[in-house]
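K.L.:
Next up is a structure, given as structure tokens.
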Amino acid sequence: MKIVMLGGPGAGKGTQAKIIAEEYKIPHISTGDIFRANIKEGTELGMKAKSFMDQGLLVPDELVVDLVADRLTWEDAKAGFVLDGFPRTIPQAEALTKALADMGTGLDYAIDIEVPDQTIIDRMGGRRACVSCGATYHIVNIPPKTEGKCDKCGSDLILRDDDKAETVKKRLDVYHEQTQPLIDYYKAQDLLKEVDGTVAMAEVFNAIAAILGA
Ligand code: AP5
Ligand code: MG
Ligand code: ZN
């Protein structure tokens with residue numbers, strides 16, 4: 001099963017991609033998580049990416065395309081994968097189509113999680129992420145068992161730098177301008193499936209599972 005998750009910032013791509021990965025035993029590949037891990041380790045890629053991410057801008061295509069194309073050649077991705085946060089521009093989508101075609105394969109689904117901008121703004125301020133394992137919570141919708149601590153590993157939970165209100169607005173603008181065109185791109189290839197992302201997490205997953213089949 002080869003899947004791409006689409007949707008605005010905070011639509012729930014990461015939340016759903018993690019469940020899909022577990023249920024279908026395929027790797028969850030999040031370019032945002034890869035960049036955040038690089039920032040934490042202080043790599044050159046991380047430093048370059050951070051300057052764009054903190055402003056709510058996209059990291060340039062050339063810093064992300066090869067990274068993903070390489071990741072897709074790993075053994076664990078042969079049977080399938082769920083890509084979260086990539087592609088985000090038409091050139092990235094074209095590069096992905098080509099990389100998969102070169103490997104003799106192609107995508108099965110592009111799942112768009114639809115959430116209005118105002119809901120996104122409300123959600124982001126409440127999101128907390130684990131500094132160690134990347135697990136995400138929401139102070140109201142999905143609270144951790146102990147305030148400020150990760151259920152899975154006990155580490156501290158933080159507000160992402162790019163989840164500050166001003167940056168969220170910028171990320172939404174960038175999404176509408178550069179990423180939303182992918183909806184038509186995948187519609188034209190008959191790969192697009194849309195789900196309502198405003199309902200509870202489990203209901204969103206049920207809608208996705210109905211698309212993917214058991
Ligand atoms: P990235 O990490 O991909 O951020 P994003 O797309 O802005 O998406 P988020 O991770 O913020 O949201 P999400 O959809 O995963 O939502 P989540 O499940 O966490 O990218 C960050 C930055 O990296 C970009 O801005 C860019 O600079 C750079 N970048 C990354 N990839 C790139 C690329 N390919 N090209 C160029 N640049 C790139 O959910 C959000 C919150 O809502 C959580 O608190 C969650 O608990 C809660 N929630 C989830 N579902 C529900 C629900 N159904 N009901 C209520 N609450 C819910
Ligand atoms: Mg995410
Ligand atoms: Zn954790």
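Chain labels A, B, ... are given in the sequence in which chains occur in the structure tokens; within each chain residues are numbered consecutively from 1, and ligands are likewise numbered from 1 in the order shown.
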Let me have all residues with an atom within 12 Å of ligand 3, counting only C-alpha atoms and all ligand atoms, laid out as a PyMOL selection string.
P.N.:
chain A and resi 128-137+144+148-158
K.L.:
Set out as CSV a contact list for chain A and ligand 2 with a cut-off of 9 Å, giving each residue of chain A that qualifies its closest atom pair and distance in Å to one decimal, counting only C-alpha atoms and all ligand atoms, ordered by chain and rising residue number.
P.N.:
residue,atom,partner,partner_atom_place_in_ligand_line,distance
A:Pro9,CA,ligand 2,1 (Mg),7.3
A:Gly10,CA,ligand 2,1 (Mg),6.7
A:Ala11,CA,ligand 2,1 (Mg),8.4
A:Gly12,CA,ligand 2,1 (Mg),6.9
A:Lys13,CA,ligand 2,1 (Mg),5.7
A:Gly14,CA,ligand 2,1 (Mg),4.0
A:Thr15,CA,ligand 2,1 (Mg),7.2
A:Ala17,CA,ligand 2,1 (Mg),8.7
A:Ser30,CA,ligand 2,1 (Mg),7.0
A:Thr31,CA,ligand 2,1 (Mg),8.6
A:Gly32,CA,ligand 2,1 (Mg),6.4
A:Asp33,CA,ligand 2,1 (Mg),7.3
A:Asp84,CA,ligand 2,1 (Mg),6.8
A:Gly85,CA,ligand 2,1 (Mg),6.8
A:Thr136,CA,ligand 2,1 (Mg),8.7
K.L.:
As an mmCIF file with C-alpha atoms, in the first residue's frame, which residues of stretch 163-198 of chain A does DSSP assign to strand (DSSP E)?
P.N.:
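What landed in part_3.cif:
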data_model
loop_
_atom_site.group_PDB
_atom_site.id
_atom_site.type_symbol
_atom_site.label_atom_id
_atom_site.label_comp_id
_atom_site.auth_asym_id
_atom_site.auth_seq_id
_atom_site.Cartn_x
_atom_site.Cartn_y
_atom_site.Cartn_z
ATOM 1 C CA LEU A 192 -7.512 11.343 -4.724
ATOM 2 C CA LYS A 193 -9.689 10.352 -1.746
ATOM 3 C CA GLU A 194 -11.119 13.022 0.539
ATOM 4 C CA VAL A 195 -12.010 12.575 4.200
ATOM 5 C CA ASP A 196 -13.573 14.955 6.710
#
K.L.:
Name the residues in contact with A:Glu62 at a cut-off of 12 Å, using only C-alpha atoms, excluding same-chain residues fewer than 5 positions from it; report them as JSON, numbers by chain.
P.N.:
{"A": [45, 48, 49, 67, 68, 69, 89, 91, 92, 95]}
K.L.:
Just the residues within 9 Å of A:Gln16, please, counting only C-alpha atoms, with nothing from its chain fewer than 3 positions along; format it as a list in words.
P.N.:
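Once the nearby chain positions are removed, what remains is Met5, Gly12, Lys13, Ile19, Ile20, Ala21, Met201, Ala202, Val204, Phe205 and Ile208 of chain A.
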K.L.:
Could you save those same residues with all heavy atoms as a CSV table (one decimal), in the first residue's frame?
P.N.:
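Once everything was written out, this is out.csv:
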chain,number,residue,atom,x,y,z
A,5,MET,N,-0.3,11.4,2.2
A,5,MET,CA,-1.3,12.1,3.0
A,5,MET,C,-1.3,13.6,2.6
A,5,MET,O,-0.2,14.2,2.6
A,5,MET,CB,-1.0,12.1,4.5
A,5,MET,CG,-0.9,10.7,5.1
A,5,MET,SD,-2.3,9.7,5.0
A,5,MET,CE,-3.5,10.6,6.0
A,12,GLY,N,-4.1,16.8,10.7
A,12,GLY,CA,-4.1,15.5,11.3
A,12,GLY,C,-3.4,14.4,10.4
A,12,GLY,O,-3.5,13.2,10.6
A,13,LYS,N,-2.5,14.9,9.5
A,13,LYS,CA,-1.8,14.0,8.7
A,13,LYS,C,-0.9,13.0,9.5
A,13,LYS,O,-0.9,11.8,9.3
A,13,LYS,CB,-0.8,14.7,7.7
A,13,LYS,CG,-1.6,15.7,6.8
A,13,LYS,CD,-0.6,16.4,5.8
A,13,LYS,CE,0.4,17.3,6.5
A,13,LYS,NZ,-0.2,18.5,7.2
A,19,ILE,N,-1.3,5.9,12.7
A,19,ILE,CA,-2.2,4.8,12.9
A,19,ILE,C,-2.2,3.9,11.6
A,19,ILE,O,-2.2,2.6,11.8
A,19,ILE,CB,-3.7,5.3,13.1
A,19,ILE,CG1,-3.7,6.4,14.2
A,19,ILE,CG2,-4.6,4.1,13.5
A,19,ILE,CD1,-5.1,7.0,14.5
A,20,ILE,N,-2.2,4.5,10.5
A,20,ILE,CA,-2.1,3.7,9.2
A,20,ILE,C,-0.9,2.8,9.2
A,20,ILE,O,-0.9,1.6,8.9
A,20,ILE,CB,-2.1,4.6,8.0
A,20,ILE,CG1,-3.4,5.4,7.9
A,20,ILE,CG2,-1.8,3.8,6.7
A,20,ILE,CD1,-3.4,6.5,6.8
A,21,ALA,N,0.3,3.4,9.6
A,21,ALA,CA,1.5,2.7,9.6
A,21,ALA,C,1.5,1.5,10.5
A,21,ALA,O,1.9,0.4,10.1
A,21,ALA,CB,2.7,3.6,10.0
A,201,MET,N,-10.7,11.8,16.0
A,201,MET,CA,-9.6,11.0,15.4
A,201,MET,C,-9.9,9.6,15.0
A,201,MET,O,-9.6,9.2,13.9
A,201,MET,CB,-8.6,10.9,16.6
A,201,MET,CG,-7.2,11.2,16.2
A,201,MET,SD,-6.2,11.2,17.8
A,201,MET,CE,-5.9,9.5,17.9
A,202,ALA,N,-10.7,8.9,15.8
A,202,ALA,CA,-11.0,7.5,15.5
A,202,ALA,C,-12.0,7.4,14.3
A,202,ALA,O,-11.9,6.5,13.5
A,202,ALA,CB,-11.7,6.8,16.7
A,204,VAL,N,-12.1,9.7,11.9
A,204,VAL,CA,-11.3,10.0,10.7
A,204,VAL,C,-10.6,8.7,10.2
A,204,VAL,O,-10.6,8.4,9.0
A,204,VAL,CB,-10.2,11.1,11.0
A,204,VAL,CG1,-9.4,11.4,9.7
A,204,VAL,CG2,-10.9,12.4,11.5
A,205,PHE,N,-10.1,8.0,11.2
A,205,PHE,CA,-9.4,6.7,10.8
A,205,PHE,C,-10.3,5.7,10.2
A,205,PHE,O,-10.0,5.1,9.2
A,205,PHE,CB,-8.6,6.1,11.9
A,205,PHE,CG,-7.9,4.8,11.5
A,205,PHE,CD1,-6.9,4.9,10.6
A,205,PHE,CD2,-8.4,3.6,11.8
A,205,PHE,CE1,-6.3,3.7,10.1
A,205,PHE,CE2,-7.8,2.4,11.3
A,205,PHE,CZ,-6.8,2.5,10.4
A,208,ILE,N,-10.8,6.5,6.7
A,208,ILE,CA,-9.6,6.1,5.9
A,208,ILE,C,-9.5,4.6,5.7
A,208,ILE,O,-9.3,4.1,4.6
A,208,ILE,CB,-8.3,6.6,6.6
A,208,ILE,CG1,-8.3,8.1,6.5
A,208,ILE,CG2,-7.1,6.0,5.9
A,208,ILE,CD1,-7.1,8.8,7.3
K.L.:
Give the helix (DSSP H, G or I) residues of stretch 64-135 of chain A, as DSSP finds them on the backbone, and put them as a PyMOL selection string.
P.N.:
chain A and resi 64-71+75-77+90-102+117-126
K.L.:
For ligand 1, which residue out of A:Asp190, A:Glu44, A:Glu94, A:Asp61 is the nearest one, using only C-alpha atoms and all ligand atoms?
P.N.:
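With only C-alpha atoms and all ligand atoms as the atom set, the closest residue is A:Asp61.
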K.L.:
Taking only C-alpha atoms and all ligand atoms into account, name the residue in A:Ala209, A:Val65, A:Ala79, A:Ala99 that is nearest to ligand 1.
P.N.:
A:Val65
K.L.:
Considering only C-alpha atoms, return as a short mmCIF file (atom, residue, chain, number, x, y, z; two decimals) with N, CA and C atoms, in the first residue's frame whatever protein or nucleic-acid residues lie within 12 Å of A:Glu177, sequence-local ones (same chain, fewer than 2 positions apart) excluded.
P.N.:
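And here's result.cif as it stands now:
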data_model
loop_
_atom_site.label_atom_id
_atom_site.label_comp_id
_atom_site.auth_asym_id
_atom_site.auth_seq_id
_atom_site.Cartn_x
_atom_site.Cartn_y
_atom_site.Cartn_z
N GLY A 8 -3.86 20.49 5.10
CA GLY A 8 -3.18 21.68 5.60
C GLY A 8 -2.35 21.37 6.84
N LEU A 57 7.79 28.89 6.16
CA LEU A 57 7.99 28.71 4.71
C LEU A 57 8.37 27.27 4.41
N LEU A 58 8.21 26.87 3.15
CA LEU A 58 8.65 25.54 2.75
C LEU A 58 10.16 25.51 2.60
N ARG A 88 4.68 18.47 -1.34
CA ARG A 88 4.07 19.71 -0.90
C ARG A 88 4.04 20.74 -1.99
N THR A 89 4.64 20.43 -3.13
CA THR A 89 4.62 21.33 -4.28
C THR A 89 4.45 20.45 -5.52
N ILE A 90 4.05 21.06 -6.63
CA ILE A 90 3.90 20.29 -7.87
C ILE A 90 5.25 19.68 -8.30
N LYS A 170 1.00 32.01 8.51
CA LYS A 170 1.90 31.97 7.34
C LYS A 170 1.87 30.58 6.70
N ARG A 171 1.91 29.54 7.52
CA ARG A 171 1.89 28.18 6.99
C ARG A 171 0.60 27.90 6.22
N LEU A 172 -0.51 28.48 6.70
CA LEU A 172 -1.77 28.30 5.99
C LEU A 172 -1.73 28.98 4.62
N ASP A 173 -1.16 30.19 4.57
CA ASP A 173 -1.03 30.89 3.28
C ASP A 173 -0.20 30.06 2.31
N VAL A 174 0.94 29.57 2.83
CA VAL A 174 1.84 28.78 1.99
C VAL A 174 1.12 27.51 1.51
N TYR A 175 0.34 26.91 2.41
CA TYR A 175 -0.41 25.70 2.03
C TYR A 175 -1.36 26.00 0.87
N THR A 179 0.59 24.06 -1.90
CA THR A 179 0.29 22.64 -1.70
C THR A 179 -1.10 22.25 -2.17
N GLN A 180 -2.08 23.15 -2.00
CA GLN A 180 -3.44 22.81 -2.40
C GLN A 180 -3.55 22.40 -3.88
N PRO A 181 -2.74 22.96 -4.78
CA PRO A 181 -2.81 22.51 -6.19
C PRO A 181 -2.59 21.00 -6.36
N LEU A 182 -2.01 20.34 -5.37
CA LEU A 182 -1.79 18.90 -5.48
C LEU A 182 -3.11 18.13 -5.47
N ILE A 183 -4.14 18.74 -4.92
CA ILE A 183 -5.45 18.08 -4.90
C ILE A 183 -5.91 17.82 -6.33
#
K.L.:
Please compute the atom CA of A:Met1-atom CA of A:Ile111 distance, one decimal, in Å.
P.N.:
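So the two atoms, atom CA of A:Met1 and atom CA of A:Ile111, lie 12.4 Å apart.
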K.L.:
If you measure from atom CA of A:Lys78 to atom CA of A:Leu212, what distance in Å do you get, rounded to one decimal?
P.N.:
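Rounded to one decimal, the two atoms are 17.8 Å apart.
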K.L.:
Taking only C-alpha atoms into account, name the residue in A:Asp122, A:Glu75, A:Asp66, A:Asp102 that is nearest to A:Pro87.
P.N.:
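Ranking A:Asp122, A:Glu75, A:Asp66, A:Asp102 by distance to A:Pro87, first place goes to A:Asp66.
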K.L.:
Counting only C-alpha atoms and all ligand atoms, which residue out of A:Leu159, A:Ala188, A:Met53, A:Met47 sits closest to ligand 1?
P.N.:
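The closest residue to ligand 1 is A:Met53.
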